[in-house]
Amino acid sequence: MRKELEKYFRKDKLPHIWCPGCGHGIITGAVIRAIDNLKLEQNKICIVSGIGCSSRAPGYLNFNTLHTTHGRALAFATGIKMANPELKIIVLTGDGDCSAIGGNHFIHAARRNIDITTVVFNNSIYGMTSGQYSPMTPKGAFATTAPYGNIDRNFDLCKLAQAAGATYVARGTVYHVPQLIKLMEKALKHKGFSLIDVVDICPTYFGRRNKMGSPVVMMEKIREMSITARTAAKLPPEELSEKIVIGEFYEEQAPEYTEEYAKVMKKAQGGKLNE
Amino acid sequence: MDEKSIRISIDEKACKKCGLCIAFCPMKVYVSEGGKPIIVNQNACTNCKLCELRCPDYAIIVGGEDVE
């Protein structure tokens, strides 16, 4: 590891437990590099996670960190941000943690436009518990709990976030790392709720169940399937079903929740109205 | 290796032999030896750092670092 990045890690906790070729290490590295590029103050950052393989990430990171209950990362993060709006809050969560167990917290955090950056490690599976399908497992894919193929339609988390009110929405992949770092920098600079859906690989459970082979083959698949949001806009919808659309989808400036709340406090304490 | 070639260091203890660096190097700098990346074409390295960024285990450092 590069010397300048070492301060962001709890070196005594490394090497991490993630399997060979797991994309989680790549995403965590991208988060760290984005933080380093922006020169954010380490002590003013709080990283929060739920449960799952991805949620182990804060354990390796040398910031204020919180490893919470399943699906509730955003609920805890909301509490931290309300108590101390000065902190930069980053939520690292998995696809199951965020969209299933934490689905309700997710849409309401987005709706409130609270200033939290959420990074979803979307490997399409519950890896830690041996490969059950999640709401983001593609239709037709195999999982421990879908031995004949998954019949559920999967969420498009970016569309969900945008509809719920998130003010910065983007998707990256573990193959396109330089782009991913740029998206993360933008999300970290954005004031309001930002979501980055990161298409990730789980070679151990998703890869084996779906006979995809090595991490290299899974990465090649991501490379083949990825198209930019701009290209996707020109294609008919039926051609998009097998594609991963990456890039920025939405950005807007809107009132941020903790700032709105500060106004309420001021009002309640006898300050001027409508300030 | 001539003086201009880019320095590449691999932390063998951290490497989990996933093979991503070997497969996706645009200049084919590495070959696999039992899964481990072996540098065979160092002069071809363009310092793009893609292998470093894609290494899930932070085992690679490419160019411009105070490697001790």
# chains A, B, ... in the order shown; residues from 1 in each chain; ligands from 1
>>> closest_atom_pairs(of="chain B", to="chain A", cutoff="9 Å", atoms="only C-alpha atoms", output="JSON lines")
{"residue": "B:Asp11", "atom": "CA", "partner": "A:Met1", "partner_atom": "CA", "distance": 8.0}
{"residue": "B:Lys13", "atom": "CA", "partner": "A:Pro15", "partner_atom": "CA", "distance": 8.9}
{"residue": "B:Ala14", "atom": "CA", "partner": "A:Pro15", "partner_atom": "CA", "distance": 6.5}
{"residue": "B:Cys15", "atom": "CA", "partner": "A:Pro20", "partner_atom": "CA", "distance": 8.6}
{"residue": "B:Lys16", "atom": "CA", "partner": "A:Pro20", "partner_atom": "CA", "distance": 5.2}
{"residue": "B:Lys17", "atom": "CA", "partner": "A:Pro20", "partner_atom": "CA", "distance": 6.6}
{"residue": "B:Cys18", "atom": "CA", "partner": "A:Gly21", "partner_atom": "CA", "distance": 4.7}
{"residue": "B:Gly19", "atom": "CA", "partner": "A:Val216", "partner_atom": "CA", "distance": 6.7}
{"residue": "B:Leu20", "atom": "CA", "partner": "A:Val216", "partner_atom": "CA", "distance": 5.7}
{"residue": "B:Ala23", "atom": "CA", "partner": "A:Val216", "partner_atom": "CA", "distance": 6.7}
{"residue": "B:Phe24", "atom": "CA", "partner": "A:Val216", "partner_atom": "CA", "distance": 8.2}
{"residue": "B:Leu50", "atom": "CA", "partner": "A:Val177", "partner_atom": "CA", "distance": 7.7}
{"residue": "B:Glu52", "atom": "CA", "partner": "A:Met1", "partner_atom": "CA", "distance": 8.9}
{"residue": "B:Leu53", "atom": "CA", "partner": "A:Val177", "partner_atom": "CA", "distance": 6.4}
{"residue": "B:Arg54", "atom": "CA", "partner": "A:Ile26", "partner_atom": "CA", "distance": 5.7}
{"residue": "B:Cys55", "atom": "CA", "partner": "A:Ile26", "partner_atom": "CA", "distance": 6.3}
{"residue": "B:Pro56", "atom": "CA", "partner": "A:Gly25", "partner_atom": "CA", "distance": 4.1}
{"residue": "B:Asp57", "atom": "CA", "partner": "A:Gly25", "partner_atom": "CA", "distance": 6.1}
{"residue": "B:Tyr58", "atom": "CA", "partner": "A:Met1", "partner_atom": "CA", "distance": 5.1}
{"residue": "B:Ala59", "atom": "CA", "partner": "A:Met1", "partner_atom": "CA", "distance": 5.9}
{"residue": "B:Ile60", "atom": "CA", "partner": "A:Met1", "partner_atom": "CA", "distance": 6.7}
{"residue": "B:Ile61", "atom": "CA", "partner": "A:Arg2", "partner_atom": "CA", "distance": 6.3}
{"residue": "B:Glu65", "atom": "CA", "partner": "A:Arg2", "partner_atom": "CA", "distance": 7.0}
{"residue": "B:Asp66", "atom": "CA", "partner": "A:Lys3", "partner_atom": "CA", "distance": 7.7}
{"residue": "B:Val67", "atom": "CA", "partner": "A:Arg2", "partner_atom": "CA", "distance": 8.5}
>>> select_by_dssp(residues="chain B", states="strand (DSSP E or B)", output="ChimeraX atom specification")
/B:8-10,30-33,36-39,60-62
>>> select_by_dssp(residues="region 210-245 of chain A", states="alpha helix (DSSP H)", output="list in words")
Pro215, Val216, Val217, Met218, Met219, Glu220, Lys221, Ile222, Arg223, Glu224, Met225, Ala229, Arg230, Thr231, Ala232, Ala233 and Lys234 of chain A
>>> write_last_selection(atoms="C-alpha atoms", output="mmCIF file, in the first residue's frame")
data_model
loop_
_atom_site.group_PDB
_atom_site.id
_atom_site.type_symbol
_atom_site.label_atom_id
_atom_site.label_comp_id
_atom_site.auth_asym_id
_atom_site.auth_seq_id
_atom_site.Cartn_x
_atom_site.Cartn_y
_atom_site.Cartn_z
ATOM 1 C CA PRO A 215 -12.816 -12.994 -10.853
ATOM 2 C CA VAL A 216 -11.169 -12.154 -14.177
ATOM 3 C CA VAL A 217 -14.100 -13.572 -16.173
ATOM 4 C CA MET A 218 -16.581 -11.715 -13.947
ATOM 5 C CA MET A 219 -14.688 -8.483 -14.517
ATOM 6 C CA GLU A 220 -14.659 -9.091 -18.267
ATOM 7 C CA LYS A 221 -18.409 -9.531 -18.123
ATOM 8 C CA ILE A 222 -18.793 -6.167 -16.384
ATOM 9 C CA ARG A 223 -16.594 -4.588 -19.043
ATOM 10 C CA GLU A 224 -18.695 -6.094 -21.852
ATOM 11 C CA MET A 225 -22.037 -5.170 -20.324
ATOM 12 C CA ALA A 229 -25.600 6.811 -19.482
ATOM 13 C CA ARG A 230 -25.222 9.004 -22.573
ATOM 14 C CA THR A 231 -25.077 6.022 -24.940
ATOM 15 C CA ALA A 232 -27.926 4.339 -23.102
ATOM 16 C CA ALA A 233 -30.165 7.346 -23.663
ATOM 17 C CA LYS A 234 -29.977 6.737 -27.415
#
>>> decode(residues="region 25-62 of chain B", atoms="N, CA, C and O atoms", output="short mmCIF file (atom, residue, chain, number, x, y, z; two decimals), in the first residue's frame")
data_model
loop_
_atom_site.label_atom_id
_atom_site.label_comp_id
_atom_site.auth_asym_id
_atom_site.auth_seq_id
_atom_site.Cartn_x
_atom_site.Cartn_y
_atom_site.Cartn_z
N CYS B 25 -3.87 -5.71 -17.33
CA CYS B 25 -2.82 -4.76 -17.66
C CYS B 25 -2.85 -4.50 -19.17
O CYS B 25 -2.72 -5.44 -19.94
N PRO B 26 -3.04 -3.24 -19.59
CA PRO B 26 -3.15 -2.98 -21.02
C PRO B 26 -1.84 -3.28 -21.77
O PRO B 26 -1.85 -3.49 -22.97
N MET B 27 -0.72 -3.30 -21.04
CA MET B 27 0.57 -3.48 -21.69
C MET B 27 1.17 -4.87 -21.42
O MET B 27 2.32 -5.12 -21.78
N LYS B 28 0.41 -5.73 -20.81
CA LYS B 28 0.87 -7.12 -20.52
C LYS B 28 2.21 -7.14 -19.78
O LYS B 28 3.16 -7.82 -20.19
N VAL B 29 2.26 -6.38 -18.72
CA VAL B 29 3.50 -6.28 -17.95
C VAL B 29 3.74 -7.55 -17.10
O VAL B 29 4.86 -7.94 -16.86
N TYR B 30 2.63 -8.18 -16.69
CA TYR B 30 2.76 -9.33 -15.77
C TYR B 30 2.47 -10.66 -16.47
O TYR B 30 1.70 -10.72 -17.43
N VAL B 31 3.08 -11.72 -15.95
CA VAL B 31 2.59 -13.07 -16.25
C VAL B 31 2.31 -13.75 -14.91
O VAL B 31 2.77 -13.30 -13.86
N SER B 32 1.54 -14.83 -14.99
CA SER B 32 1.16 -15.53 -13.78
C SER B 32 2.15 -16.66 -13.50
O SER B 32 2.56 -17.39 -14.39
N GLU B 33 2.54 -16.74 -12.24
CA GLU B 33 3.34 -17.90 -11.83
C GLU B 33 2.64 -18.47 -10.61
O GLU B 33 2.77 -17.95 -9.52
N GLY B 34 1.84 -19.49 -10.85
CA GLY B 34 1.02 -20.05 -9.79
C GLY B 34 0.02 -19.03 -9.25
O GLY B 34 -0.31 -19.06 -8.06
N GLY B 35 -0.43 -18.14 -10.10
CA GLY B 35 -1.40 -17.13 -9.69
C GLY B 35 -0.76 -15.81 -9.30
O GLY B 35 -1.40 -14.77 -9.33
N LYS B 36 0.51 -15.86 -8.93
CA LYS B 36 1.20 -14.62 -8.52
C LYS B 36 1.60 -13.80 -9.74
O LYS B 36 2.03 -14.36 -10.74
N PRO B 37 1.51 -12.47 -9.66
CA PRO B 37 1.98 -11.67 -10.79
C PRO B 37 3.50 -11.55 -10.78
O PRO B 37 4.09 -11.18 -9.77
N ILE B 38 4.10 -11.91 -11.89
CA ILE B 38 5.54 -11.75 -12.05
C ILE B 38 5.76 -10.68 -13.13
O ILE B 38 5.16 -10.74 -14.20
N ILE B 39 6.60 -9.70 -12.82
CA ILE B 39 6.85 -8.62 -13.77
C ILE B 39 7.81 -9.12 -14.84
O ILE B 39 8.94 -9.49 -14.55
N VAL B 40 7.34 -9.16 -16.10
CA VAL B 40 8.22 -9.64 -17.17
C VAL B 40 8.47 -8.58 -18.24
O VAL B 40 9.32 -8.74 -19.09
N ASN B 41 7.67 -7.53 -18.21
CA ASN B 41 7.74 -6.58 -19.30
C ASN B 41 7.71 -5.16 -18.73
O ASN B 41 6.90 -4.32 -19.12
N GLN B 42 8.61 -4.92 -17.79
CA GLN B 42 8.58 -3.67 -17.03
C GLN B 42 8.72 -2.43 -17.91
O GLN B 42 8.12 -1.40 -17.64
N ASN B 43 9.52 -2.56 -18.98
CA ASN B 43 9.74 -1.39 -19.85
C ASN B 43 8.47 -0.95 -20.54
O ASN B 43 8.36 0.20 -20.98
N ALA B 44 7.50 -1.85 -20.66
CA ALA B 44 6.25 -1.50 -21.34
C ALA B 44 5.31 -0.70 -20.44
O ALA B 44 4.38 -0.06 -20.92
N CYS B 45 5.55 -0.73 -19.14
CA CYS B 45 4.64 -0.07 -18.19
C CYS B 45 4.54 1.42 -18.48
O CYS B 45 5.55 2.10 -18.63
N THR B 46 3.29 1.92 -18.55
CA THR B 46 3.08 3.33 -18.87
C THR B 46 2.68 4.12 -17.63
O THR B 46 2.25 5.26 -17.74
N ASN B 47 2.75 3.49 -16.47
CA ASN B 47 2.39 4.16 -15.22
C ASN B 47 0.91 4.54 -15.17
O ASN B 47 0.55 5.54 -14.57
N CYS B 48 0.06 3.73 -15.82
CA CYS B 48 -1.38 4.06 -15.81
C CYS B 48 -2.00 3.75 -14.45
O CYS B 48 -3.07 4.26 -14.12
N LYS B 49 -1.36 2.89 -13.67
CA LYS B 49 -1.80 2.56 -12.31
C LYS B 49 -3.11 1.79 -12.22
O LYS B 49 -3.69 1.68 -11.15
N LEU B 50 -3.59 1.27 -13.36
CA LEU B 50 -4.87 0.52 -13.29
C LEU B 50 -4.74 -0.71 -12.42
O LEU B 50 -5.65 -1.06 -11.68
N CYS B 51 -3.58 -1.38 -12.47
CA CYS B 51 -3.41 -2.58 -11.64
C CYS B 51 -3.43 -2.21 -10.17
O CYS B 51 -4.00 -2.92 -9.34
N GLU B 52 -2.82 -1.08 -9.86
CA GLU B 52 -2.81 -0.64 -8.46
C GLU B 52 -4.23 -0.33 -7.99
O GLU B 52 -4.63 -0.71 -6.90
N LEU B 53 -5.00 0.39 -8.84
CA LEU B 53 -6.36 0.77 -8.45
C LEU B 53 -7.29 -0.43 -8.37
O LEU B 53 -8.22 -0.45 -7.59
N ARG B 54 -7.03 -1.45 -9.21
CA ARG B 54 -7.92 -2.61 -9.24
C ARG B 54 -7.48 -3.70 -8.28
O ARG B 54 -8.16 -4.71 -8.14
N CYS B 55 -6.35 -3.54 -7.63
CA CYS B 55 -5.90 -4.59 -6.71
C CYS B 55 -6.77 -4.55 -5.45
O CYS B 55 -6.75 -3.57 -4.71
N PRO B 56 -7.55 -5.62 -5.19
CA PRO B 56 -8.45 -5.60 -4.03
C PRO B 56 -7.69 -5.65 -2.70
O PRO B 56 -8.28 -5.43 -1.65
N ASP B 57 -6.40 -5.97 -2.76
CA ASP B 57 -5.65 -6.18 -1.52
C ASP B 57 -4.53 -5.16 -1.31
O ASP B 57 -3.67 -5.36 -0.45
N TYR B 58 -4.55 -4.10 -2.11
CA TYR B 58 -3.59 -2.99 -1.98
C TYR B 58 -2.14 -3.50 -1.99
O TYR B 58 -1.30 -3.06 -1.22
N ALA B 59 -1.90 -4.47 -2.87
CA ALA B 59 -0.58 -5.12 -2.87
C ALA B 59 0.37 -4.53 -3.90
O ALA B 59 1.54 -4.88 -3.92
N ILE B 60 -0.13 -3.65 -4.78
CA ILE B 60 0.73 -3.14 -5.86
C ILE B 60 0.93 -1.63 -5.71
O ILE B 60 -0.01 -0.90 -5.39
N ILE B 61 2.15 -1.19 -5.92
CA ILE B 61 2.44 0.24 -6.02
C ILE B 61 3.17 0.46 -7.34
O ILE B 61 4.18 -0.20 -7.60
N VAL B 62 2.62 1.34 -8.16
CA VAL B 62 3.25 1.62 -9.46
C VAL B 62 3.76 3.04 -9.50
O VAL B 62 3.00 3.99 -9.32
#
